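Structure data (compact mmCIF, C-alpha atoms and all ligand atoms) from run39.txt:
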# COMPACT_ATOMS: atom_id res chain seq x y z
CA MET A 1115 22.91 13.22 -7.09
CA SER A 1116 22.75 16.19 -9.46
CA ASP A 1117 19.69 17.00 -11.59
CA ALA A 1118 21.73 16.11 -14.69
CA ALA A 1119 22.62 12.68 -13.24
CA HIS A 1120 18.94 12.06 -12.47
CA THR A 1121 17.96 12.98 -16.01
CA GLU A 1122 20.66 10.77 -17.50
CA MET A 1123 19.41 7.82 -15.42
CA TRP A 1124 15.79 8.43 -16.47
CA GLU A 1125 16.85 8.67 -20.12
CA LYS A 1126 18.54 5.30 -19.83
CA LEU A 1127 15.27 3.92 -18.48
CA ASN A 1128 13.55 5.34 -21.56
CA LEU A 1129 11.23 7.66 -19.61
CA ASP A 1130 9.47 10.47 -21.44
CA ILE A 1131 11.63 13.18 -19.85
CA SER A 1132 9.42 16.21 -20.40
CA ALA A 1133 6.24 14.43 -19.30
CA HIS A 1134 8.12 13.04 -16.28
CA ASP A 1135 9.43 16.52 -15.35
CA GLY A 1136 5.86 17.79 -15.54
CA LEU A 1137 4.68 14.95 -13.27
CA LEU A 1138 7.36 15.66 -10.65
CA GLU A 1139 6.49 19.34 -10.66
CA VAL A 1140 2.80 18.69 -10.05
CA LEU A 1141 3.63 16.11 -7.38
CA GLY A 1142 6.01 18.45 -5.60
CA LYS A 1143 3.35 21.15 -5.42
CA PHE A 1144 0.70 18.67 -4.27
CA TYR A 1145 3.04 17.34 -1.58
CA GLY A 1146 3.82 20.84 -0.38
CA ASP A 1147 0.12 21.69 -0.06
CA ILE A 1148 -0.95 18.46 1.61
CA TYR A 1149 2.10 17.45 3.66
CA LEU A 1150 4.59 20.23 4.25
CA SER A 1151 1.83 22.68 5.21
CA GLN A 1152 0.95 20.56 8.28
CA GLU A 1153 1.83 22.05 11.65
CA ASN A 1154 3.52 20.32 14.55
CA ARG A 1155 4.90 17.41 12.51
CA LEU A 1156 7.28 14.94 14.10
CA LYS A 1157 11.00 15.37 13.43
CA GLY A 1158 11.19 11.77 12.19
CA MET A 1159 8.92 12.66 9.26
CA GLU A 1160 11.88 14.44 7.66
CA TYR A 1161 13.17 11.00 6.67
CA LEU A 1162 9.87 10.22 4.94
CA ASP A 1163 9.87 13.63 3.21
CA PHE A 1164 13.37 12.89 1.96
CA VAL A 1165 12.53 9.39 0.74
CA LEU A 1166 9.49 10.68 -1.09
CA SER A 1167 11.37 13.59 -2.65
CA GLU A 1168 13.96 11.09 -3.94
CA VAL A 1169 11.58 8.24 -4.73
CA HIS A 1170 12.24 8.62 -8.46
CA GLY A 1171 15.85 9.74 -7.83
CA LEU A 1172 18.10 8.15 -5.20
CA ARG A 1173 15.86 5.12 -4.70
CA ILE A 1174 15.95 4.38 -8.43
CA LYS A 1175 19.72 4.86 -8.36
CA GLU A 1176 19.85 2.24 -5.59
CA LEU A 1177 17.82 -0.14 -7.75
CA GLN A 1178 20.13 0.45 -10.70
CA ASP A 1179 23.17 -0.17 -8.49
CA ALA A 1180 21.55 -3.36 -7.19
CA LYS A 1181 20.93 -4.49 -10.77
CA ALA A 1182 24.53 -3.73 -11.70
CA ALA A 1183 25.58 -5.94 -8.78
CA GLY A 1184 23.49 -8.78 -10.21
CA LYS A 1185 20.29 -8.41 -8.17
CA LYS A 1186 16.86 -8.66 -9.79
CA ILE A 1187 13.99 -6.19 -9.23
CA ILE A 1188 10.49 -7.58 -8.73
CA GLY A 1189 7.43 -5.34 -9.08
CA THR A 1190 4.05 -6.19 -7.53
CA PHE A 1191 0.50 -4.85 -7.30
CA CYS A 1192 -0.87 -6.78 -4.37
CA VAL A 1193 0.05 -7.74 -0.82
CA PHE A 1194 -0.60 -11.39 -1.68
CA VAL A 1195 2.83 -11.69 -3.33
CA PRO A 1196 5.14 -12.91 -0.55
CA GLU A 1197 7.94 -10.39 -0.10
CA GLU A 1198 9.75 -12.96 2.05
CA LEU A 1199 10.41 -15.19 -0.97
CA THR A 1200 11.61 -12.25 -3.06
CA LEU A 1201 14.10 -11.22 -0.37
CA ALA A 1202 15.23 -14.81 0.19
CA ALA A 1203 16.15 -14.94 -3.51
CA ASN A 1204 18.33 -11.85 -2.92
CA ALA A 1205 16.01 -9.74 -5.10
CA VAL A 1206 14.41 -6.34 -4.43
CA HIS A 1207 10.61 -6.19 -3.92
CA VAL A 1208 8.78 -2.98 -4.88
CA GLY A 1209 5.13 -1.94 -5.16
CA LEU A 1210 3.97 -0.60 -8.53
CA CYS A 1211 0.44 0.62 -7.77
CA SER A 1212 0.01 4.27 -8.55
CA GLY A 1213 -2.43 6.83 -7.32
CA ALA A 1214 -2.58 9.45 -10.08
CA ASP A 1215 -4.28 9.74 -13.44
CA ALA A 1216 -1.73 9.47 -16.24
CA GLY A 1217 -1.96 8.07 -19.74
CA THR A 1218 -5.65 7.32 -19.13
CA ASP A 1219 -6.71 7.72 -22.78
CA GLU A 1220 -4.07 5.24 -23.89
CA ALA A 1221 -4.91 2.86 -21.02
CA GLU A 1222 -8.57 2.88 -22.08
CA LYS A 1223 -7.53 1.32 -25.39
CA LEU A 1224 -6.33 -1.74 -23.45
CA VAL A 1225 -8.95 -1.99 -20.67
CA PRO A 1226 -12.61 -0.90 -20.53
CA ARG A 1227 -13.39 2.66 -19.47
CA ASN A 1228 -15.29 1.44 -16.43
CA THR A 1229 -12.13 -0.02 -14.89
CA CYS A 1230 -10.93 1.36 -11.54
CA ALA A 1231 -8.38 4.21 -11.56
CA LEU A 1232 -5.70 2.09 -9.86
CA ILE A 1233 -5.58 -0.32 -12.80
CA LYS A 1234 -5.83 2.36 -15.48
CA SER A 1235 -3.10 4.25 -13.70
CA PHE A 1236 -0.48 1.46 -13.70
CA ILE A 1237 -1.19 0.78 -17.36
CA GLY A 1238 -1.22 4.50 -18.16
CA PHE A 1239 2.11 5.10 -16.37
CA LYS A 1240 3.67 2.31 -18.42
CA LEU A 1241 2.26 3.53 -21.73
CA ALA A 1242 3.21 7.14 -21.00
CA ARG A 1243 6.74 6.03 -19.92
CA LEU A 1244 6.45 7.78 -16.55
CA CYS A 1245 7.34 5.17 -13.93
CA PRO A 1246 11.03 4.42 -13.30
CA PHE A 1247 10.06 1.55 -10.98
CA THR A 1248 8.15 -0.32 -13.68
CA GLU A 1249 11.00 0.33 -16.11
CA SER A 1250 13.53 -1.05 -13.62
CA CYS A 1251 11.71 -4.35 -13.10
CA ASP A 1252 13.11 -7.68 -14.26
CA LEU A 1253 9.78 -9.31 -13.47
CA VAL A 1254 6.31 -8.00 -12.63
CA VAL A 1255 4.10 -10.26 -10.53
CA GLY A 1256 0.33 -10.03 -10.89
CA GLU A 1257 -2.36 -12.03 -9.14
CA THR A 1258 -5.89 -13.24 -9.82
CA THR A 1259 -7.71 -11.12 -7.25
CA CYS A 1260 -10.43 -8.87 -8.71
CA ASP A 1261 -11.70 -9.34 -12.28
CA GLY A 1262 -10.34 -5.93 -13.27
CA LYS A 1263 -6.76 -6.83 -12.35
CA LYS A 1264 -6.71 -10.37 -13.62
CA LYS A 1265 -8.00 -9.34 -17.06
CA ALA A 1266 -5.76 -6.25 -17.15
CA TYR A 1267 -2.68 -8.47 -16.68
CA GLU A 1268 -3.46 -10.17 -19.99
CA ALA A 1269 -2.90 -6.81 -21.71
CA PHE A 1270 -0.14 -5.63 -19.34
CA GLY A 1271 1.76 -8.90 -19.81
CA LYS A 1272 2.38 -7.89 -23.42
CA LEU A 1273 4.26 -4.81 -22.20
CA VAL A 1274 6.41 -6.25 -19.38
CA PRO A 1275 7.83 -9.64 -18.32
CA MET A 1276 5.02 -10.99 -16.17
CA HIS A 1277 4.25 -13.84 -13.78
CA VAL A 1278 0.67 -14.17 -12.52
CA MET A 1279 -0.05 -15.95 -9.23
CA GLU A 1280 -3.42 -17.58 -8.81
CA VAL A 1281 -5.02 -16.31 -5.61
CA PRO A 1282 -8.08 -18.33 -4.56
CA GLN A 1283 -11.38 -16.61 -3.84
CA THR A 1284 -12.37 -18.70 -0.80
CA LYS A 1285 -10.54 -19.90 2.30
CA THR A 1286 -11.35 -23.62 2.23
CA MET A 1287 -8.63 -26.25 2.75
CA ASP A 1288 -8.54 -26.82 -1.01
CA ALA A 1289 -8.10 -23.09 -1.58
CA LYS A 1290 -5.15 -23.02 0.82
CA GLN A 1291 -3.64 -25.97 -1.01
CA LEU A 1292 -4.01 -24.11 -4.30
CA PHE A 1293 -2.34 -21.03 -2.84
CA LYS A 1294 0.48 -23.19 -1.47
CA SER A 1295 1.14 -24.58 -4.95
CA GLU A 1296 1.22 -21.01 -6.27
CA VAL A 1297 3.67 -19.94 -3.55
CA LEU A 1298 5.91 -22.86 -4.58
CA ARG A 1299 5.56 -21.90 -8.25
CA TYR A 1300 6.61 -18.31 -7.40
CA LYS A 1301 9.59 -19.72 -5.49
CA ASP A 1302 10.63 -21.74 -8.56
CA THR A 1303 10.23 -18.70 -10.83
CA LEU A 1304 12.39 -16.59 -8.52
CA GLU A 1305 15.09 -19.24 -8.29
CA GLU A 1306 15.22 -19.51 -12.04
CA LEU A 1307 15.31 -15.74 -12.54
CA THR A 1308 17.91 -14.97 -9.89
CA GLY A 1309 19.98 -18.16 -9.91
CA VAL A 1310 19.70 -18.11 -6.11
CA GLU A 1311 18.40 -21.17 -4.31
CA ILE A 1312 15.86 -20.35 -1.60
CA THR A 1313 17.06 -22.23 1.47
CA ALA A 1314 15.79 -22.55 5.04
CA GLU A 1315 18.55 -20.17 6.05
CA ASN A 1316 17.89 -17.30 3.63
CA LEU A 1317 14.11 -17.69 3.94
CA GLN A 1318 14.25 -17.57 7.73
CA LYS A 1319 16.25 -14.36 7.54
CA ALA A 1320 13.80 -12.85 5.03
CA ILE A 1321 10.81 -13.80 7.20
CA SER A 1322 12.41 -12.06 10.12
CA ILE A 1323 13.16 -8.88 8.10
CA VAL A 1324 9.57 -8.59 6.86
CA ASN A 1325 8.12 -9.43 10.29
CA GLU A 1326 10.27 -6.68 11.83
CA LYS A 1327 8.91 -4.21 9.28
CA ARG A 1328 5.37 -5.25 10.14
CA ARG A 1329 6.13 -5.04 13.87
CA ALA A 1330 7.33 -1.45 13.48
CA LEU A 1331 4.13 -0.57 11.59
CA GLN A 1332 2.01 -2.35 14.21
CA ARG A 1333 3.77 -0.31 16.91
CA LEU A 1334 2.95 2.88 15.02
CA SER A 1335 -0.65 1.77 14.66
CA ARG A 1336 -1.04 1.06 18.40
CA LEU A 1337 0.40 4.46 19.36
CA ARG A 1338 -2.34 6.14 17.35
CA ALA A 1339 -4.88 5.06 19.99
CA ALA A 1340 -3.72 8.04 22.08
CA ASP A 1341 -5.84 11.18 22.39
CA PRO A 1342 -4.71 13.75 21.29
CA ALA A 1343 -3.66 11.92 18.13
CA PRO A 1344 0.16 12.02 18.06
CA ILE A 1345 0.50 11.82 14.26
CA SER A 1346 -1.75 12.82 11.39
CA GLY A 1347 -3.44 10.20 9.25
CA ARG A 1348 -1.78 11.73 6.20
CA ASP A 1349 1.65 11.10 7.68
CA ALA A 1350 0.74 7.57 8.76
CA LEU A 1351 -0.56 6.83 5.26
CA LEU A 1352 2.65 8.17 3.76
CA ILE A 1353 4.67 5.86 6.03
CA ASN A 1354 2.63 2.88 4.85
CA GLN A 1355 3.03 3.98 1.23
CA VAL A 1356 6.80 4.37 1.56
CA SER A 1357 7.00 0.86 3.07
CA PHE A 1358 6.41 -0.45 -0.47
CA TYR A 1359 9.42 1.35 -1.97
CA ASP A 1360 12.12 1.70 0.64
CA ASP A 1361 14.81 -0.74 1.69
CA PRO A 1362 13.01 -2.81 4.37
CA GLU A 1363 15.69 -2.79 7.07
CA ARG A 1364 16.43 0.93 6.75
CA PHE A 1365 12.70 1.64 6.76
CA THR A 1366 12.10 -0.42 9.92
CA GLN A 1367 14.84 1.41 11.76
CA SER A 1368 13.50 4.84 10.78
CA ILE A 1369 9.93 3.93 11.80
CA ASN A 1370 11.09 2.67 15.18
CA THR A 1371 12.95 5.97 15.72
CA LEU A 1372 9.79 7.83 14.78
CA CYS A 1373 7.78 5.69 17.22
CA ASP A 1374 10.24 6.63 20.01
CA GLN A 1375 9.45 10.29 19.26
CA ILE A 1376 5.73 9.53 19.25
CA GLU A 1377 6.03 7.89 22.67
CA GLU A 1378 7.75 11.01 24.03
CA ARG A 1379 5.02 13.17 22.55
CA ILE A 1380 2.30 11.02 24.12
CA ALA A 1381 4.05 11.13 27.50
CA GLN A 1382 3.97 14.95 27.31
CA GLY A 1383 0.29 14.91 26.38
CA ASP A 1384 0.99 16.56 22.98
CA GLY A 1385 -0.62 15.82 19.66
CA VAL A 1386 -1.10 17.07 16.12
CA VAL A 1387 -4.63 18.18 16.91
CA PRO A 1388 -6.33 19.19 20.20
CA ALA A 1389 -7.62 16.38 22.45
CA GLY A 1390 -11.23 15.59 21.68
CA THR A 1391 -10.89 16.14 17.89
CA LYS A 1392 -13.20 13.71 16.10
CA ARG A 1393 -11.40 10.50 15.23
CA LEU A 1394 -12.03 8.63 11.98
CA LEU A 1395 -11.08 5.21 10.69
CA LEU A 1396 -10.49 5.06 6.95
CA SER A 1397 -11.44 1.69 5.51
CA GLY A 1398 -11.45 0.17 2.04
CA CYS A 1399 -9.37 0.19 -1.14
CA PRO A 1400 -5.63 0.75 -1.00
CA MET A 1401 -4.36 4.32 -1.53
CA ALA A 1402 -1.16 4.43 -3.57
CA VAL A 1403 1.11 7.50 -3.84
CA PRO A 1404 -0.04 10.26 -4.52
CA ASN A 1405 -3.65 9.39 -3.75
CA TRP A 1406 -3.99 11.70 -0.73
CA LYS A 1407 -7.23 13.43 -1.73
CA LEU A 1408 -9.68 11.84 0.71
CA PRO A 1409 -7.29 11.85 3.71
CA TYR A 1410 -6.66 15.54 3.05
CA VAL A 1411 -10.40 16.25 2.84
CA MET A 1412 -11.03 14.31 6.07
CA GLU A 1413 -8.29 16.07 8.00
CA SER A 1414 -9.46 19.48 6.76
CA SER A 1415 -12.91 18.77 8.16
CA ASN A 1416 -12.21 19.09 11.90
CA ALA A 1417 -11.26 15.43 12.17
CA VAL A 1418 -8.16 13.28 12.40
CA ILE A 1419 -7.61 9.84 10.88
CA VAL A 1420 -6.49 7.30 13.49
CA GLY A 1421 -6.20 4.17 11.34
CA GLU A 1422 -6.22 2.86 7.78
CA GLU A 1423 -7.97 -0.46 7.23
CA SER A 1424 -6.52 -1.12 3.80
CA CYS A 1425 -3.67 -2.95 2.10
CA ILE A 1426 -1.64 0.23 2.42
CA GLY A 1427 -2.36 0.04 6.14
CA SER A 1428 -3.42 -2.58 8.65
CA ARG A 1429 -4.46 -5.29 6.17
CA ASN A 1430 -0.82 -5.62 5.21
CA THR A 1431 0.65 -5.42 8.70
CA ARG A 1432 -1.82 -7.06 11.09
CA ASP A 1433 -0.56 -10.65 10.76
CA LEU A 1434 2.99 -11.91 11.17
CA VAL A 1435 4.53 -15.10 9.77
CA ASP A 1436 5.12 -17.73 12.48
CA GLU A 1437 8.89 -17.90 12.91
CA SER A 1438 9.10 -21.22 14.72
CA ALA A 1439 9.66 -23.45 11.66
CA ASP A 1440 13.20 -24.49 10.83
CA THR A 1441 12.64 -26.41 7.59
CA ILE A 1442 11.81 -24.92 4.21
CA GLU A 1443 8.51 -26.88 4.11
CA GLY A 1444 7.52 -25.56 7.52
CA MET A 1445 8.33 -22.00 6.48
CA ILE A 1446 6.30 -22.28 3.28
CA ASP A 1447 3.34 -23.54 5.33
CA ALA A 1448 3.78 -20.61 7.73
CA LEU A 1449 3.77 -18.19 4.79
CA VAL A 1450 0.61 -19.75 3.36
CA GLU A 1451 -1.13 -19.57 6.76
CA ARG A 1452 -0.24 -15.91 7.16
CA TYR A 1453 -1.13 -14.79 3.65
CA MET A 1454 -4.45 -16.62 3.65
CA LYS A 1455 -5.51 -14.48 6.63
CA ILE A 1456 -5.62 -11.36 4.41
CA ASP A 1457 -9.21 -10.14 4.43
CA CYS A 1458 -9.36 -8.75 0.88
CA ALA A 1459 -12.85 -8.06 -0.48
CA CYS A 1460 -12.06 -10.38 -3.41
CA PHE A 1461 -12.78 -13.33 -1.07
CA THR A 1462 -16.19 -14.81 -0.51
CA PRO A 1463 -17.35 -14.83 2.19
CA ASN A 1464 -15.12 -12.24 3.86
CA ASP A 1465 -16.81 -11.80 7.23
CA GLU A 1466 -13.52 -11.47 9.08
CA ARG A 1467 -13.05 -8.02 7.53
CA MET A 1468 -16.20 -6.78 9.27
CA VAL A 1469 -14.89 -8.10 12.60
CA ASN A 1470 -11.47 -6.55 12.00
CA VAL A 1471 -12.95 -3.14 11.23
CA ALA A 1472 -15.12 -3.17 14.36
CA ASN A 1473 -12.06 -4.19 16.42
CA MET A 1474 -10.02 -1.33 14.98
CA VAL A 1475 -12.78 1.15 15.85
CA ASN A 1476 -12.63 -0.03 19.47
CA GLU A 1477 -8.86 -0.27 19.76
CA LEU A 1478 -8.21 3.14 18.21
CA ASN A 1479 -11.16 4.88 19.91
CA ALA A 1480 -12.57 5.99 16.57
CA ASP A 1481 -15.83 7.95 16.49
CA GLY A 1482 -16.78 6.80 13.00
CA VAL A 1483 -15.70 5.06 9.81
CA ILE A 1484 -15.31 6.44 6.31
CA HIS A 1485 -15.51 3.60 3.82
CA TYR A 1486 -13.66 4.30 0.61
CA ALA A 1487 -14.24 2.40 -2.63
CA LEU A 1488 -12.54 3.43 -5.83
CA SER A 1489 -15.14 4.08 -8.52
CA PHE A 1490 -15.80 0.86 -10.50
CA CYS A 1491 -14.32 -1.34 -7.76
CA GLN A 1492 -16.97 -4.03 -7.40
CA PRO A 1493 -15.54 -5.98 -4.43
CA TYR A 1494 -15.24 -2.98 -2.10
CA ALA A 1495 -18.49 -1.38 -3.29
CA HIS A 1496 -20.30 -4.62 -2.32
CA GLU A 1497 -18.62 -4.73 1.05
CA ALA A 1498 -19.49 -1.09 1.74
CA ILE A 1499 -23.16 -2.09 1.81
CA LYS A 1500 -22.49 -5.01 4.11
CA MET A 1501 -20.23 -2.99 6.37
CA GLN A 1502 -22.86 -0.28 6.77
CA GLU A 1503 -25.28 -2.93 8.04
CA VAL A 1504 -22.78 -4.55 10.41
CA LEU A 1505 -21.56 -1.25 11.85
CA SER A 1506 -25.01 0.21 12.27
CA GLU A 1507 -25.95 -2.81 14.42
CA LYS A 1508 -23.03 -1.81 16.65
CA ASP A 1509 -24.02 1.89 16.61
CA ILE A 1510 -20.81 2.82 14.77
CA PRO A 1511 -21.49 5.64 12.28
CA MET A 1512 -20.20 5.10 8.75
CA LEU A 1513 -20.06 7.21 5.61
CA SER A 1514 -19.63 5.42 2.29
CA VAL A 1515 -17.56 7.25 -0.32
CA GLU A 1516 -16.89 6.26 -3.91
CA THR A 1517 -14.39 8.34 -5.81
CA GLY A 1518 -11.51 8.23 -8.28
CA TYR A 1519 -8.24 10.09 -8.67
CA SER A 1520 -9.57 13.30 -10.23
CA MET A 1521 -9.84 16.41 -8.06
CA GLU A 1522 -13.19 17.39 -9.56
CA ASP A 1523 -15.26 16.17 -6.61
CA VAL A 1524 -13.16 17.65 -3.77
CA GLU A 1525 -15.73 20.26 -2.77
CA GLN A 1526 -18.57 17.78 -2.89
CA LEU A 1527 -16.58 15.29 -0.78
CA LYS A 1528 -15.74 18.00 1.71
CA THR A 1529 -19.40 18.89 2.17
CA ARG A 1530 -20.32 15.26 2.81
CA VAL A 1531 -17.39 14.58 5.17
CA GLU A 1532 -17.99 17.79 7.16
CA ALA A 1533 -21.66 16.92 7.59
CA PHE A 1534 -20.68 13.41 8.75
CA VAL A 1535 -18.13 14.72 11.26
CA GLU A 1536 -20.61 17.25 12.62
CA MET A 1537 -23.16 14.59 13.45
CA LEU A 1538 -20.70 12.41 15.40
CA ASP A 1539 -21.35 12.61 19.17
S1 LIG A 1601 -5.25 -7.91 -1.29
S2 LIG A 1601 -7.26 -5.01 -1.88
S3 LIG A 1601 -3.84 -5.17 -2.89
S4 LIG A 1601 -6.38 -7.14 -4.53
S5 LIG A 1601 -9.47 -1.06 -6.30
S6 LIG A 1601 -7.65 -3.19 -8.45
S7 LIG A 1601 -9.81 -4.59 -5.89
S8 LIG A 1601 -11.17 -2.96 -8.75
S9 LIG A 1601 -6.45 -3.37 -5.07
FE1 LIG A 1601 -6.00 -5.10 -3.72
FE2 LIG A 1601 -4.52 -7.26 -3.27
FE3 LIG A 1601 -7.04 -7.18 -2.42
FE4 LIG A 1601 -5.21 -5.71 -1.27
FE5 LIG A 1601 -9.53 -4.37 -8.13
FE6 LIG A 1601 -10.87 -2.76 -6.55
FE7 LIG A 1601 -9.33 -1.73 -8.42
FE8 LIG A 1601 -8.27 -3.01 -6.31
Please express what this file holds, its structure, as structure tokens.
Ligand code: BJ8
Amino acid sequence: MSDAAHTEMWEKLNLDISAHDGLLEVLGKFYGDIYLSQENRLKGMEYLDFVLSEVHGLRIKELQDAKAAGKKIIGTFCVFVPEELTLAANAVHVGLCSGADAGTDEAEKLVPRNTCALIKSFIGFKLARLCPFTESCDLVVGETTCDGKKKAYEAFGKLVPMHVMEVPQTKTMDAKQLFKSEVLRYKDTLEELTGVEITAENLQKAISIVNEKRRALQRLSRLRAADPAPISGRDALLINQVSFYDDPERFTQSINTLCDQIEERIAQGDGVVPAGTKRLLLSGCPMAVPNWKLPYVMESSNAVIVGEESCIGSRNTRDLVDESADTIEGMIDALVERYMKIDCACFTPNDERMVNVANMVNELNADGVIHYALSFCQPYAHEAIKMQEVLSEKDIPMLSVETGYSMEDVEQLKTRVEAFVEMLD
């Protein structure tokens, strides 16, 4: 696609062209510094570089072509929205979270200043007319997870067509029942929007597509237990980020090809860093594109990231949907079971997250954990305190970091992370 064709498409989506050009320029530079400067990258990462370079170009063109062919585009902000139902309704499912400050002043007229950067960012991108994904959506699905998001959707719902799913805050039987009724309500909404009936046949196929995607990401995650680390944490994060934008079947295939290359690399004893480099688990809030600041700081501090315990990471891929059901009711129950295993900090209690983090430390041979909470994120800031206690009982070192999207604190973060890495045995 030519530059002119891109611009014409963005104009049709009513983007602010000069502000959008400025954004792409900054992003391109940032990507070059943080990603393309890495040495010894796997060949398979070229696919990810390409997808990211065309994320506002060819991928948006694909969405527009899908729309022209009658498909609907569904945007989401949370891994609680079942992608399987979206795909079964022959619609496209995309993530809308963003990881850069944009339109913050305008966003602060709709939500309080002390709202996390992730929320301000998706509102700011909409108000500044910068996100072609949001502009392509026929429906945006929110969810009642943290207070910040559920209140922000009241304001955001005035700007886009919106459906909000109620996500319970506990995991009792009643809570599961509530979530089941919300899954059924989402199914009805999709059927009405798309005119496609969700049947046992199309849902079974969709469950299998999404499970395959998760299996590929699980395979990648397991391979990262090797020492030397065969892939950087930055690249693994990028893969998880791209999983929210790309066509799921094409993505699965490319990640499995990449995993074949990783297996060869491990068999040869090669890695992206020397054996014995300190290994860190990154745990906490999701990191949307282009929120690469902390991973970059960590991997420039004589350490390598070996796992991401977040929704753009293992929290989204750890559990599969049971594929044994052959009726629509059975499949809906299997979806509810799987989704209610998500250990988001919005739940109370949420002890399984502590267990899952400790397990990841063991499985991935991590030397320590960096807990990341976005500034003003109450749920993850609370759990940082609890996690510090739980991990210290197990003699697992942890550093708690709270930060936003601005680059102002990079040097300060680097000093703290370097000191943490130095004290790891
Ligand atoms: S399942 S983690 S994707 S809610 S950082 S907006 S929690 S104040 S993102 Fe999340 Fe779903 Fe949970 Fe995952 Fe609120 Fe915190 Fe902001 Fe957050």
With 10 Å as the threshold, what does the neighbourhood of (-10.1, -15.7, -3.8) contain in terms of residues, counting all atoms listed in the file? Coordinates are those of the file; answer as a list in words.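 The residues near that point, listed by chain and number, are Thr1258, Thr1259, Cys1260, Glu1280, Val1281, Pro1282, Gln1283, Thr1284, Lys1285, Ala1289, Lys1290, Phe1293, Met1454, Asp1457, Cys1458, Ala1459, Cys1460, Phe1461, Thr1462, Pro1463 and Asn1464 of chain A.
Residues of protein or nucleic acid lying within 7 Å of ligand LIG 1601 (chain A), counting only C-alpha atoms and all ligand atoms, are A:Phe1191, A:Cys1192, A:Val1193, A:Phe1194, A:Thr1229, A:Cys1230, A:Ala1231, A:Leu1232, A:Ile1233, A:Thr1259, A:Cys1260, A:Asp1261, A:Gly1262, A:Lys1263, A:Cys1399, A:Pro1400, A:Ser1424, A:Cys1425, A:Ile1456, A:Cys1458, A:Ala1459, A:Cys1460, A:Ala1487, A:Leu1488, A:Phe1490, A:Cys1491, A:Gln1492, A:Pro1493, A:Tyr1494.
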Smallest atom-to-atom distance to Thr1286 in chain A: which of A:Glu1451, A:Lys1327, A:Ile1188, A:His1170, using all atoms listed in the file?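 The closest residue to Thr1286 in chain A is A:Glu1451.
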Using all atoms listed in the file, give me every residue within 6 Å of (-9.4, 15.9, 22.6) in file coordinates, as a PyMOL selection string. chain A and resi 1341-1342+1388-1391
Would you write out those residues with C-alpha atoms, as a PDB file, in the frame of the given file?
ATOM      1  CA  ASP A1341      -5.840  11.180  22.390  1.00  0.00           C
ATOM      2  CA  PRO A1342      -4.710  13.750  21.290  1.00  0.00           C
ATOM      3  CA  PRO A1388      -6.330  19.190  20.200  1.00  0.00           C
ATOM      4  CA  ALA A1389      -7.620  16.380  22.450  1.00  0.00           C
ATOM      5  CA  GLY A1390     -11.230  15.590  21.680  1.00  0.00           C
ATOM      6  CA  THR A1391     -10.890  16.140  17.890  1.00  0.00           C
TER       7      THR A1391
END
From the options A:Arg1379, A:Lys1126, A:Lys1264, A:Lys1301, which residue's atoms come nearest to Leu1156 in chain A, counting only C-alpha atoms?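 Looking only at the distances to Leu1156 in chain A, the closest residue turns out to be A:Arg1379.
Nearest residue to Ala1498 in chain A, choosing from A:Glu1437, A:Glu1315, A:Glu1516, A:Asp1447 and counting only C-alpha atoms: A:Glu1516.
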Using all atoms listed in the file for the distances, tell me which of A:Leu1150, A:Lys1157, A:Pro1246, A:Lys1392 is nearest to Glu1125 in chain A.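 Looking at the shortest contact to Glu1125 in chain A, the residue is A:Pro1246.
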Nearest candidate to Asp1465 in chain A (options A:Asn1204, A:Asp1219, A:Asp1349, A:Lys1500; using all atoms listed in the file):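 Of A:Asn1204, A:Asp1219, A:Asp1349, A:Lys1500, the one nearest Asp1465 in chain A is A:Lys1500, counting all atoms listed in the file.
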Which residue gives the smallest distance to Lys1185 in chain A among A:Gln1382, A:Thr1200, A:Ser1151, A:Ser1116, with only C-alpha atoms counted? A:Thr1200
When you look at His1134 in chain A with a cut-off of 12 Å (counting all atoms listed in the file), what residues show up, excluding the ones that are within fewer than 6 positions of it in the same chain? I need them as a short mmCIF file (atom, residue, chain, number, x, y, z; two decimals) with C-alpha atoms, in the coordinates of the input.
data_model
loop_
_atom_site.label_atom_id
_atom_site.label_comp_id
_atom_site.auth_asym_id
_atom_site.auth_seq_id
_atom_site.Cartn_x
_atom_site.Cartn_y
_atom_site.Cartn_z
CA HIS A 1120 18.94 12.06 -12.47
CA THR A 1121 17.96 12.98 -16.01
CA TRP A 1124 15.79 8.43 -16.47
CA GLU A 1125 16.85 8.67 -20.12
CA LEU A 1127 15.27 3.92 -18.48
CA ASN A 1128 13.55 5.34 -21.56
CA VAL A 1140 2.80 18.69 -10.05
CA LEU A 1141 3.63 16.11 -7.38
CA HIS A 1170 12.24 8.62 -8.46
CA GLY A 1171 15.85 9.74 -7.83
CA ALA A 1216 -1.73 9.47 -16.24
CA GLY A 1217 -1.96 8.07 -19.74
CA PHE A 1239 2.11 5.10 -16.37
CA LYS A 1240 3.67 2.31 -18.42
CA ALA A 1242 3.21 7.14 -21.00
CA ARG A 1243 6.74 6.03 -19.92
CA LEU A 1244 6.45 7.78 -16.55
CA CYS A 1245 7.34 5.17 -13.93
CA PRO A 1246 11.03 4.42 -13.30
#
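Excluding range 1328-1336 of chain A and any residue on its chain fewer than 3 positions from it, the residues at most 9 Å away by only C-alpha atoms are Ile1323, Val1324, Asn1325, Ala1339, Ala1340, Ala1350, Ile1353, Asn1354, Thr1366, Gln1367, Ile1369, Asn1370, Leu1372, Cys1373, Ile1376, Val1420, Gly1421, Glu1422, Gly1427, Ser1428, Asn1430, Thr1431, Arg1432, Asp1433, Leu1434, Glu1477 and Leu1478 of chain A.
For the atom pair formed by CA of Tyr1486 in chain A and CA of Leu1527 in chain A, the distance is 11.5 Å, given to one decimal.
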